$ cat structure_28.pdb   # PDB, C-alpha atoms, pLDDT in the B column
ATOM      1  CA  MET A   1     -69.642 -34.121 -28.366  1.00 41.00           C
ATOM      2  CA  SER A   2     -68.021 -35.396 -31.506  1.00 42.00           C
ATOM      3  CA  GLY A   3     -64.266 -35.388 -31.918  1.00 42.00           C
ATOM      4  CA  PRO A   4     -62.131 -33.333 -34.269  1.00 43.00           C
ATOM      5  CA  ILE A   5     -61.535 -36.198 -36.620  1.00 42.00           C
ATOM      6  CA  GLY A   6     -64.487 -38.588 -36.418  1.00 42.00           C
ATOM      7  CA  THR A   7     -64.014 -41.639 -38.583  1.00 35.00           C
ATOM      8  CA  SER A   8     -62.056 -39.817 -41.284  1.00 41.00           C
ATOM      9  CA  GLN A   9     -58.829 -40.016 -39.238  1.00 47.00           C
ATOM     10  CA  LEU A  10     -57.346 -37.012 -41.050  1.00 46.00           C
ATOM     11  CA  MET A  11     -54.664 -36.557 -38.400  1.00 51.00           C
ATOM     12  CA  TYR A  12     -53.099 -39.829 -39.586  1.00 48.00           C
ATOM     13  CA  SER A  13     -53.009 -39.077 -43.292  1.00 48.00           C
ATOM     14  CA  ALA A  14     -49.454 -39.450 -44.576  1.00 46.00           C
ATOM     15  CA  ALA A  15     -49.743 -38.763 -48.286  1.00 50.00           C
ATOM     16  CA  PRO A  16     -47.033 -36.475 -49.765  1.00 45.00           C
ATOM     17  CA  GLY A  17     -48.070 -32.871 -50.135  1.00 52.00           C
ATOM     18  CA  ASP A  18     -50.952 -33.139 -47.675  1.00 59.00           C
ATOM     19  CA  PHE A  19     -52.712 -29.924 -46.756  1.00 64.00           C
ATOM     20  CA  TYR A  20     -52.325 -31.062 -43.134  1.00 70.00           C
ATOM     21  CA  THR A  21     -48.626 -30.505 -42.682  1.00 78.00           C
ATOM     22  CA  HIS A  22     -48.091 -32.227 -39.308  1.00 86.00           C
ATOM     23  CA  GLN A  23     -49.160 -35.862 -39.330  1.00 85.00           C
ATOM     24  CA  ILE A  24     -49.146 -37.972 -36.183  1.00 87.00           C
ATOM     25  CA  ALA A  25     -47.559 -41.269 -37.141  1.00 80.00           C
ATOM     26  CA  SER A  26     -48.861 -43.600 -34.414  1.00 85.00           C
ATOM     27  CA  SER A  27     -50.460 -44.040 -31.011  1.00 87.00           C
ATOM     28  CA  THR A  28     -50.338 -46.431 -28.067  1.00 88.00           C
ATOM     29  CA  ARG A  29     -53.294 -48.448 -26.811  1.00 89.00           C
ATOM     30  CA  PHE A  30     -53.917 -48.693 -23.066  1.00 91.00           C
ATOM     31  CA  ASN A  31     -56.202 -51.525 -21.986  1.00 87.00           C
ATOM     32  CA  GLY A  32     -55.967 -51.636 -18.200  1.00 82.00           C
ATOM     33  CA  THR A  33     -52.846 -53.803 -17.988  1.00 80.00           C
ATOM     34  CA  GLY A  34     -50.056 -51.245 -18.232  1.00 85.00           C
ATOM     35  CA  TYR A  35     -49.062 -47.603 -17.998  1.00 89.00           C
ATOM     36  CA  LEU A  36     -46.090 -45.274 -18.407  1.00 91.00           C
ATOM     37  CA  ASN A  37     -44.244 -43.734 -15.476  1.00 87.00           C
ATOM     38  CA  ASP A  38     -41.593 -41.019 -15.218  1.00 84.00           C
ATOM     39  CA  ALA A  39     -39.898 -40.891 -11.803  1.00 69.00           C
ATOM     40  CA  ARG A  40     -38.306 -37.486 -12.237  1.00 70.00           C
ATOM     41  CA  SER A  41     -35.611 -35.937 -10.096  1.00 67.00           C
ATOM     42  CA  GLY A  42     -35.128 -32.226  -9.640  1.00 72.00           C
ATOM     43  CA  ASP A  43     -37.726 -29.495  -9.702  1.00 79.00           C
ATOM     44  CA  GLY A  44     -38.989 -27.389 -12.549  1.00 84.00           C
ATOM     45  CA  SER A  45     -41.645 -24.708 -12.357  1.00 88.00           C
ATOM     46  CA  ASN A  46     -44.510 -25.319  -9.944  1.00 84.00           C
ATOM     47  CA  SER A  47     -46.482 -22.265 -11.070  1.00 90.00           C
ATOM     48  CA  HIS A  48     -46.531 -22.437 -14.889  1.00 92.00           C
ATOM     49  CA  GLY A  49     -47.010 -25.330 -17.269  1.00 93.00           C
ATOM     50  CA  THR A  50     -48.998 -26.721 -20.166  1.00 96.00           C
ATOM     51  CA  ILE A  51     -50.248 -30.212 -21.023  1.00 96.00           C
ATOM     52  CA  SER A  52     -51.346 -31.287 -24.491  1.00 97.00           C
ATOM     53  CA  CYS A  53     -52.441 -34.752 -25.565  1.00 97.00           C
ATOM     54  CA  TRP A  54     -54.716 -36.538 -28.008  1.00 96.00           C
ATOM     55  CA  PHE A  55     -56.844 -39.404 -26.705  1.00 96.00           C
ATOM     56  CA  LYS A  56     -59.439 -41.810 -28.038  1.00 95.00           C
ATOM     57  CA  ARG A  57     -61.746 -43.721 -25.720  1.00 96.00           C
ATOM     58  CA  ALA A  58     -62.580 -47.431 -25.739  1.00 94.00           C
ATOM     59  CA  LYS A  59     -64.535 -47.907 -22.509  1.00 95.00           C
ATOM     60  CA  LEU A  60     -67.364 -45.660 -21.327  1.00 97.00           C
ATOM     61  CA  GLY A  61     -69.065 -45.093 -17.981  1.00 96.00           C
ATOM     62  CA  THR A  62     -66.066 -45.690 -15.690  1.00 96.00           C
ATOM     63  CA  TYR A  63     -63.667 -43.435 -13.789  1.00 97.00           C
ATOM     64  CA  GLN A  64     -60.334 -43.365 -15.640  1.00 97.00           C
ATOM     65  CA  TYR A  65     -57.038 -41.488 -15.387  1.00 97.00           C
ATOM     66  CA  ILE A  66     -55.404 -40.146 -18.525  1.00 97.00           C
ATOM     67  CA  PHE A  67     -52.500 -38.795 -16.479  1.00 94.00           C
ATOM     68  CA  SER A  68     -51.433 -37.872 -12.970  1.00 92.00           C
ATOM     69  CA  ALA A  69     -48.474 -35.815 -11.739  1.00 89.00           C
ATOM     70  CA  HIS A  70     -48.035 -36.504  -8.050  1.00 87.00           C
ATOM     71  CA  GLU A  71     -45.613 -36.169  -5.148  1.00 83.00           C
ATOM     72  CA  ASP A  72     -48.006 -37.961  -2.793  1.00 80.00           C
ATOM     73  CA  GLY A  73     -51.740 -38.358  -2.196  1.00 76.00           C
ATOM     74  CA  ASN A  74     -52.057 -34.731  -1.089  1.00 83.00           C
ATOM     75  CA  ASN A  75     -50.090 -33.023  -3.878  1.00 87.00           C
ATOM     76  CA  ALA A  76     -51.080 -33.803  -7.449  1.00 89.00           C
ATOM     77  CA  VAL A  77     -52.314 -32.571 -10.806  1.00 92.00           C
ATOM     78  CA  ARG A  78     -54.500 -34.938 -12.756  1.00 94.00           C
ATOM     79  CA  LEU A  79     -56.693 -35.336 -15.808  1.00 97.00           C
ATOM     80  CA  THR A  80     -59.511 -37.825 -15.376  1.00 97.00           C
ATOM     81  CA  ILE A  81     -62.612 -39.002 -17.178  1.00 97.00           C
ATOM     82  CA  LEU A  82     -65.473 -39.343 -14.717  1.00 97.00           C
ATOM     83  CA  ALA A  83     -68.094 -42.082 -14.653  1.00 97.00           C
ATOM     84  CA  ASP A  84     -70.615 -39.794 -16.357  1.00 97.00           C
ATOM     85  CA  ASN A  85     -68.154 -39.350 -19.277  1.00 98.00           C
ATOM     86  CA  THR A  86     -67.317 -35.752 -18.397  1.00 97.00           C
ATOM     87  CA  LEU A  87     -63.718 -34.614 -17.961  1.00 97.00           C
ATOM     88  CA  GLU A  88     -61.995 -33.198 -14.860  1.00 97.00           C
ATOM     89  CA  PHE A  89     -58.710 -31.279 -14.625  1.00 97.00           C
ATOM     90  CA  ARG A  90     -57.713 -30.849 -10.976  1.00 95.00           C
ATOM     91  CA  GLY A  91     -54.781 -29.714  -8.846  1.00 92.00           C
ATOM     92  CA  GLU A  92     -54.219 -30.233  -5.127  1.00 90.00           C
ATOM     93  CA  THR A  93     -51.565 -28.874  -2.778  1.00 87.00           C
ATOM     94  CA  GLY A  94     -51.339 -30.021   0.820  1.00 86.00           C
ATOM     95  CA  SER A  95     -54.625 -31.960   0.379  1.00 81.00           C
ATOM     96  CA  ALA A  96     -56.483 -28.731  -0.502  1.00 88.00           C
ATOM     97  CA  VAL A  97     -58.048 -28.317  -3.943  1.00 91.00           C
ATOM     98  CA  LYS A  98     -56.344 -25.348  -5.636  1.00 91.00           C
ATOM     99  CA  PHE A  99     -58.058 -25.649  -8.987  1.00 94.00           C
ATOM    100  CA  GLU A 100     -60.762 -27.894 -10.378  1.00 95.00           C
ATOM    101  CA  ILE A 101     -62.413 -27.738 -13.778  1.00 97.00           C
ATOM    102  CA  GLU A 102     -65.146 -30.266 -14.539  1.00 97.00           C
ATOM    103  CA  THR A 103     -66.909 -30.047 -17.868  1.00 97.00           C
ATOM    104  CA  THR A 104     -70.599 -30.373 -18.581  1.00 96.00           C
ATOM    105  CA  ASN A 105     -69.734 -31.627 -22.078  1.00 96.00           C
ATOM    106  CA  VAL A 106     -69.523 -35.400 -22.293  1.00 97.00           C
ATOM    107  CA  PHE A 107     -66.881 -37.286 -24.279  1.00 97.00           C
ATOM    108  CA  ARG A 108     -68.320 -40.637 -25.272  1.00 96.00           C
ATOM    109  CA  ASP A 109     -67.636 -40.957 -28.999  1.00 96.00           C
ATOM    110  CA  THR A 110     -65.360 -43.981 -29.230  1.00 95.00           C
ATOM    111  CA  SER A 111     -64.669 -43.321 -32.918  1.00 93.00           C
ATOM    112  CA  ALA A 112     -63.282 -39.825 -32.314  1.00 94.00           C
ATOM    113  CA  TRP A 113     -59.957 -38.366 -31.281  1.00 94.00           C
ATOM    114  CA  TYR A 114     -60.153 -35.634 -28.641  1.00 97.00           C
ATOM    115  CA  HIS A 115     -57.418 -33.065 -28.131  1.00 97.00           C
ATOM    116  CA  PHE A 116     -56.917 -31.820 -24.559  1.00 98.00           C
ATOM    117  CA  VAL A 117     -54.886 -28.772 -23.585  1.00 98.00           C
ATOM    118  CA  GLY A 118     -54.574 -27.817 -19.912  1.00 97.00           C
ATOM    119  CA  ILE A 119     -52.885 -24.545 -18.977  1.00 96.00           C
ATOM    120  CA  ILE A 120     -51.579 -23.619 -15.509  1.00 95.00           C
ATOM    121  CA  ASP A 121     -50.734 -19.929 -15.104  1.00 95.00           C
ATOM    122  CA  MET A 122     -50.661 -19.162 -11.391  1.00 92.00           C
ATOM    123  CA  ASP A 123     -49.729 -15.487 -11.572  1.00 90.00           C
ATOM    124  CA  ASN A 124     -52.266 -14.538 -14.236  1.00 93.00           C
ATOM    125  CA  SER A 125     -53.880 -11.269 -13.199  1.00 93.00           C
ATOM    126  CA  THR A 126     -57.317 -12.721 -14.049  1.00 94.00           C
ATOM    127  CA  GLN A 127     -58.225 -15.393 -11.509  1.00 94.00           C
ATOM    128  CA  ALA A 128     -60.438 -17.279 -13.960  1.00 94.00           C
ATOM    129  CA  ASN A 129     -57.463 -17.733 -16.306  1.00 95.00           C
ATOM    130  CA  ARG A 130     -55.083 -19.341 -13.807  1.00 95.00           C
ATOM    131  CA  ALA A 131     -56.248 -22.782 -14.944  1.00 95.00           C
ATOM    132  CA  GLN A 132     -57.765 -23.410 -18.363  1.00 97.00           C
ATOM    133  CA  VAL A 133     -59.070 -26.422 -20.284  1.00 98.00           C
ATOM    134  CA  TYR A 134     -59.483 -26.684 -24.043  1.00 98.00           C
ATOM    135  CA  ILE A 135     -60.979 -29.587 -25.975  1.00 98.00           C
ATOM    136  CA  ASN A 136     -60.486 -29.621 -29.740  1.00 97.00           C
ATOM    137  CA  GLY A 137     -59.375 -26.002 -29.591  1.00 97.00           C
ATOM    138  CA  GLU A 138     -62.455 -24.760 -27.698  1.00 97.00           C
ATOM    139  CA  ARG A 139     -62.116 -23.460 -24.155  1.00 97.00           C
ATOM    140  CA  GLN A 140     -64.476 -25.215 -21.762  1.00 97.00           C
ATOM    141  CA  THR A 141     -66.410 -22.409 -20.040  1.00 94.00           C
ATOM    142  CA  VAL A 142     -69.799 -23.977 -19.273  1.00 94.00           C
ATOM    143  CA  LEU A 143     -68.741 -26.121 -16.336  1.00 95.00           C
ATOM    144  CA  ASP A 144     -70.246 -28.387 -13.722  1.00 93.00           C
ATOM    145  CA  THR A 145     -67.486 -27.441 -11.257  1.00 90.00           C
ATOM    146  CA  SER A 146     -65.043 -24.543 -11.392  1.00 92.00           C
ATOM    147  CA  THR A 147     -62.554 -23.728  -8.635  1.00 93.00           C
ATOM    148  CA  MET A 148     -59.687 -21.359  -9.337  1.00 93.00           C
ATOM    149  CA  PRO A 149     -56.510 -20.510  -7.378  1.00 89.00           C
ATOM    150  CA  SER A 150     -57.298 -17.697  -4.964  1.00 86.00           C
ATOM    151  CA  ASP A 151     -53.987 -15.898  -5.420  1.00 82.00           C
ATOM    152  CA  ALA A 152     -50.798 -16.007  -7.446  1.00 78.00           C
ATOM    153  CA  SER A 153     -48.802 -17.687  -4.667  1.00 79.00           C
ATOM    154  CA  GLN A 154     -50.617 -21.000  -5.118  1.00 79.00           C
ATOM    155  CA  THR A 155     -48.330 -23.726  -6.465  1.00 82.00           C
ATOM    156  CA  MET A 156     -48.777 -27.002  -8.335  1.00 83.00           C
ATOM    157  CA  VAL A 157     -46.648 -30.123  -8.726  1.00 83.00           C
ATOM    158  CA  LEU A 158     -46.925 -30.674 -12.476  1.00 85.00           C
ATOM    159  CA  ASN A 159     -43.234 -30.076 -13.168  1.00 80.00           C
ATOM    160  CA  THR A 160     -41.667 -30.953  -9.825  1.00 77.00           C
ATOM    161  CA  GLY A 161     -39.678 -34.020  -8.864  1.00 70.00           C
ATOM    162  CA  GLY A 162     -42.663 -36.299  -8.285  1.00 74.00           C
ATOM    163  CA  ASN A 163     -43.880 -39.030 -10.600  1.00 82.00           C
ATOM    164  CA  LEU A 164     -45.858 -38.387 -13.747  1.00 87.00           C
ATOM    165  CA  ARG A 165     -47.972 -41.327 -14.842  1.00 91.00           C
ATOM    166  CA  ILE A 166     -49.821 -41.801 -18.125  1.00 93.00           C
ATOM    167  CA  GLY A 167     -52.685 -44.268 -18.331  1.00 93.00           C
ATOM    168  CA  ALA A 168     -53.354 -44.838 -14.625  1.00 91.00           C
ATOM    169  CA  ALA A 169     -53.592 -43.175 -11.219  1.00 90.00           C
ATOM    170  CA  SER A 170     -50.658 -42.810  -8.828  1.00 83.00           C
ATOM    171  CA  ASP A 171     -51.530 -46.156  -7.192  1.00 84.00           C
ATOM    172  CA  ALA A 172     -51.933 -47.846 -10.605  1.00 84.00           C
ATOM    173  CA  SER A 173     -55.729 -47.906 -10.307  1.00 89.00           C
ATOM    174  CA  TYR A 174     -58.441 -46.384 -12.514  1.00 94.00           C
ATOM    175  CA  ASP A 175     -56.691 -47.406 -15.716  1.00 94.00           C
ATOM    176  CA  PHE A 176     -57.380 -45.648 -18.985  1.00 95.00           C
ATOM    177  CA  HIS A 177     -58.903 -47.717 -21.787  1.00 95.00           C
ATOM    178  CA  GLY A 178     -58.201 -46.322 -25.233  1.00 94.00           C
ATOM    179  CA  CYS A 179     -55.413 -44.737 -27.262  1.00 92.00           C
ATOM    180  CA  ILE A 180     -53.118 -41.812 -26.446  1.00 93.00           C
ATOM    181  CA  THR A 181     -50.708 -39.985 -28.704  1.00 92.00           C
ATOM    182  CA  GLU A 182     -48.677 -36.776 -29.027  1.00 94.00           C
ATOM    183  CA  PHE A 183     -48.361 -36.232 -25.262  1.00 94.00           C
ATOM    184  CA  VAL A 184     -46.566 -32.954 -24.473  1.00 95.00           C
ATOM    185  CA  VAL A 185     -45.773 -31.284 -21.162  1.00 93.00           C
ATOM    186  CA  ILE A 186     -44.224 -27.823 -21.102  1.00 94.00           C
ATOM    187  CA  ASP A 187     -42.321 -26.917 -17.931  1.00 91.00           C
ATOM    188  CA  GLY A 188     -42.383 -23.255 -16.982  1.00 92.00           C
ATOM    189  CA  THR A 189     -44.561 -21.722 -19.700  1.00 94.00           C
ATOM    190  CA  ALA A 190     -48.302 -21.225 -20.098  1.00 96.00           C
ATOM    191  CA  GLN A 191     -48.516 -21.854 -23.825  1.00 97.00           C
ATOM    192  CA  ALA A 192     -51.449 -20.889 -26.031  1.00 97.00           C
ATOM    193  CA  VAL A 193     -53.776 -23.610 -27.301  1.00 98.00           C
ATOM    194  CA  GLY A 194     -52.881 -22.512 -30.832  1.00 97.00           C
ATOM    195  CA  ASP A 195     -49.328 -23.732 -30.272  1.00 97.00           C
ATOM    196  CA  PHE A 196     -50.631 -27.320 -30.414  1.00 97.00           C
ATOM    197  CA  GLY A 197     -53.444 -27.272 -32.959  1.00 96.00           C
ATOM    198  CA  GLU A 198     -55.316 -25.270 -35.545  1.00 95.00           C
ATOM    199  CA  THR A 199     -58.518 -25.350 -37.556  1.00 93.00           C
ATOM    200  CA  LYS A 200     -58.248 -26.134 -41.269  1.00 91.00           C
ATOM    201  CA  ASN A 201     -61.207 -26.878 -43.520  1.00 88.00           C
ATOM    202  CA  GLY A 202     -63.368 -26.841 -40.394  1.00 90.00           C
ATOM    203  CA  VAL A 203     -61.347 -29.583 -38.675  1.00 90.00           C
ATOM    204  CA  TRP A 204     -59.195 -29.217 -35.556  1.00 94.00           C
ATOM    205  CA  ILE A 205     -55.818 -30.738 -36.424  1.00 93.00           C
ATOM    206  CA  PRO A 206     -52.426 -31.034 -34.673  1.00 94.00           C
ATOM    207  CA  LYS A 207     -49.502 -28.656 -35.101  1.00 95.00           C
ATOM    208  CA  ASP A 208     -45.847 -29.625 -34.847  1.00 94.00           C
ATOM    209  CA  PRO A 209     -44.659 -28.941 -31.250  1.00 94.00           C
ATOM    210  CA  SER A 210     -40.972 -29.435 -32.015  1.00 91.00           C
ATOM    211  CA  GLY A 211     -40.223 -25.711 -31.971  1.00 93.00           C
ATOM    212  CA  LEU A 212     -41.519 -25.206 -28.423  1.00 95.00           C
ATOM    213  CA  THR A 213     -39.293 -24.847 -25.366  1.00 93.00           C
ATOM    214  CA  PHE A 214     -40.102 -27.856 -23.195  1.00 91.00           C
ATOM    215  CA  GLY A 215     -38.214 -26.774 -20.046  1.00 89.00           C
ATOM    216  CA  ASP A 216     -36.190 -28.920 -17.638  1.00 85.00           C
ATOM    217  CA  ASN A 217     -38.962 -31.411 -16.830  1.00 85.00           C
ATOM    218  CA  GLY A 218     -40.960 -31.078 -20.041  1.00 89.00           C
ATOM    219  CA  PHE A 219     -41.247 -33.816 -22.643  1.00 90.00           C
ATOM    220  CA  TRP A 220     -42.817 -34.884 -25.929  1.00 91.00           C
ATOM    221  CA  LEU A 221     -43.951 -38.487 -26.370  1.00 90.00           C
ATOM    222  CA  LYS A 222     -44.633 -39.455 -29.987  1.00 87.00           C
ATOM    223  CA  PHE A 223     -45.359 -43.168 -29.318  1.00 84.00           C
ATOM    224  CA  THR A 224     -43.520 -44.097 -32.503  1.00 80.00           C
ATOM    225  CA  ASN A 225     -41.133 -46.670 -31.014  1.00 72.00           C
ATOM    226  CA  SER A 226     -42.903 -50.005 -30.495  1.00 70.00           C
ATOM    227  CA  SER A 227     -40.054 -51.286 -28.320  1.00 66.00           C
ATOM    228  CA  ALA A 228     -39.923 -48.167 -26.115  1.00 67.00           C
ATOM    229  CA  PHE A 229     -43.349 -46.537 -25.865  1.00 69.00           C
ATOM    230  CA  GLY A 230     -42.079 -43.979 -23.368  1.00 67.00           C
ATOM    231  CA  GLU A 231     -39.251 -42.606 -25.494  1.00 72.00           C
ATOM    232  CA  ALA A 232     -39.216 -38.802 -25.261  1.00 70.00           C
ATOM    233  CA  TYR A 233     -38.217 -36.486 -28.071  1.00 75.00           C
ATOM    234  CA  SER A 234     -37.870 -33.178 -26.230  1.00 67.00           C
ATOM    235  CA  GLY A 235     -34.083 -33.268 -26.079  1.00 62.00           C
ATOM    236  CA  ASN A 236     -33.733 -33.592 -22.294  1.00 69.00           C
ATOM    237  CA  ASN A 237     -33.928 -37.394 -21.922  1.00 68.00           C
ATOM    238  CA  ASN A 238     -37.174 -37.462 -19.927  1.00 75.00           C
ATOM    239  CA  ASP A 239     -38.053 -40.974 -21.070  1.00 76.00           C
ATOM    240  CA  PHE A 240     -40.883 -42.899 -19.392  1.00 79.00           C
ATOM    241  CA  ALA A 241     -40.640 -46.429 -18.038  1.00 78.00           C
ATOM    242  CA  HIS A 242     -43.162 -48.975 -19.241  1.00 73.00           C
ATOM    243  CA  ILE A 243     -44.908 -50.644 -16.287  1.00 74.00           C
ATOM    244  CA  GLY A 244     -47.111 -53.719 -16.699  1.00 68.00           C
ATOM    245  CA  THR A 245     -48.232 -55.080 -20.040  1.00 58.00           C
ATOM    246  CA  ILE A 246     -48.169 -52.877 -23.106  1.00 58.00           C
ATOM    247  CA  SER A 247     -47.179 -55.114 -26.006  1.00 53.00           C
ATOM    248  CA  ALA A 248     -45.884 -54.402 -29.484  1.00 53.00           C
ATOM    249  CA  HIS A 249     -49.388 -54.994 -30.878  1.00 52.00           C
ATOM    250  CA  ASP A 250     -50.552 -52.025 -28.782  1.00 61.00           C
ATOM    251  CA  HIS A 251     -48.405 -49.778 -30.979  1.00 55.00           C
ATOM    252  CA  LEU A 252     -50.849 -48.579 -33.622  1.00 57.00           C
ATOM    253  CA  ALA A 253     -49.345 -47.124 -36.771  1.00 53.00           C
ATOM    254  CA  GLN A 254     -51.108 -44.670 -39.060  1.00 48.00           C
ATOM    255  CA  MET A 255     -54.889 -45.024 -38.565  1.00 42.00           C
ATOM    256  CA  GLY A 256     -54.666 -45.789 -34.843  1.00 42.00           C
ATOM    257  CA  TYR A 257     -57.981 -47.613 -34.540  1.00 37.00           C
ATOM    258  CA  ILE A 258     -58.851 -49.161 -31.172  1.00 30.00           C
TER     259      ILE A 258
END
$ encode --input "structure_28.pdb" --output "structure tokens"
Amino acid sequence: MSGPIGTSQLMYSAAPGDFYTHQIASSTRFNGTGYLNDARSGDGSNSHGTISCWFKRAKLGTYQYIFSAHEDGNNAVRLTILADNTLEFRGETGSAVKFEIETTNVFRDTSAWYHFVGIIDMDNSTQANRAQVYINGERQTVLDTSTMPSDASQTMVLNTGGNLRIGAASDASYDFHGCITEFVVIDGTAQAVGDFGETKNGVWIPKDPSGLTFGDNGFWLKFTNSSAFGEAYSGNNNDFAHIGTISAHDHLAQMGYI
């Protein structure tokens, strides 16, 4: 499956008067030696939330974590790339799988940016809509695995006081290799995919998330500060700590090539 941008890198165009009004200025490269971690305190919503991020792969055929929100090994929400290059969005509570969405589409174009949106909406009256995955604006409906919450009382830990880690698993294993940018988590609201992107001239491009309500534990990482990759811009000081080795040269301005 090709990405929304391919080699044209339109999301990084910065010319004045561009038709694409929201340009992403930079990204951060993850190469297996470092990750970002937010050890949050206090609970937000454990029934509603939205994740949006852009990622570009550099290593194929291995199990990798793009992010994990976890209280412990039995309570987590995670986005992973599996060894067969498919994608899995999964939530567990009390060691039981509450939702699991595994795509049949593969994501192995290392020249392309992919946009992921994951929506958690536990009290949705339609069971199949309580967890949703979109890639490049398209909902993933032809799935290898699909498990949905059985009732509206099911809860997740995306916005609770546990850690949220970007670029590795909760035990710092299964590192992501590639670039990540424009990472947004919304606490307490199941946003629409169209709040984060839109199609123009046949290309899926980013929209400015600054007008969204991020919630108590929500955040927006732009990856624009090469000395503080985890600086958040959501207005509630949910900055991430940099763990391990992510150097200034891993801050990629404009084109964001691996």
$ atom_distance --input "structure_28.pdb" --atom1 "atom CA of Glu138 of chain A" --atom2 "atom CA of Glu182 of chain A"
18.3 Å
$ resolve_selection --input "structure_28.pdb" --expression "the PyMOL selection byres ((chain A and resi 96) around 12)" --output "list of chain:residue names"
A:Gly73, A:Asn74, A:Asn75, A:Ala76, A:Val77, A:Arg90, A:Gly91, A:Glu92, A:Thr93, A:Gly94, A:Ser95, A:Val97, A:Lys98, A:Phe99, A:Glu100, A:Thr147, A:Met148, A:Pro149, A:Ser150, A:Gln154, A:Thr155, A:Met156
$ resolve_selection --input "structure_28.pdb" --expression "the PyMOL selection byres ((chain A and resi 52-61) around 7)" --output "MDAnalysis selection string"
chainID A and resid 50:51 62 83:85 108 110 112:118 177:185 258
$ residues_around --input "structure_28.pdb" --residues "Ala192 of chain A" --least-positions-apart "3" --cutoff "12 Å" --atoms "all atoms listed in the file" --output "list in words"
Gly49, Thr50, Ile51, Ser52, Val117, Gly118, Ile119, Ile120, Asp121, Asn129, Gln132, Val133, Tyr134, Gly137, Glu138, Arg139, Ile186, Thr189, Asp195, Phe196, Gly197, Glu198, Pro209 and Leu212 of chain A
$ atom_distance --input "structure_28.pdb" --atom1 "atom CA of Asp123 of chain A" --atom2 "atom CA of Leu79 of chain A"
21.5 Å
$ closest_residue --input "structure_28.pdb" --among "A:Ser173, A:Thr103, A:Asn238, A:Ser47" --to "Phe214 of chain A" --atoms "only C-alpha atoms"
A:Asn238
$ resolve_selection --input "structure_28.pdb" --expression "the PyMOL selection byres ((chain A and resi 158-172) around 7)" --output "ChimeraX atom specification"
/A:30,35-46,65-71,77,156-157,173-176,187,217
$ atom_distance --input "structure_28.pdb" --atom1 "atom CA of Val106 of chain A" --atom2 "atom CA of Leu87 of chain A"
7.3 Å
$ residues_around --input "structure_28.pdb" --residues "Glu88 of chain A" --least-positions-apart "3" --cutoff "6 Å" --atoms "all atoms listed in the file" --output "ChimeraX atom specification"
/A:79-80,101-102
$ closest_residue --input "structure_28.pdb" --among "A:Thr21, A:Thr28, A:Ser153, A:Thr145" --to "Ser125 of chain A" --atoms "all atoms listed in the file"
A:Ser153
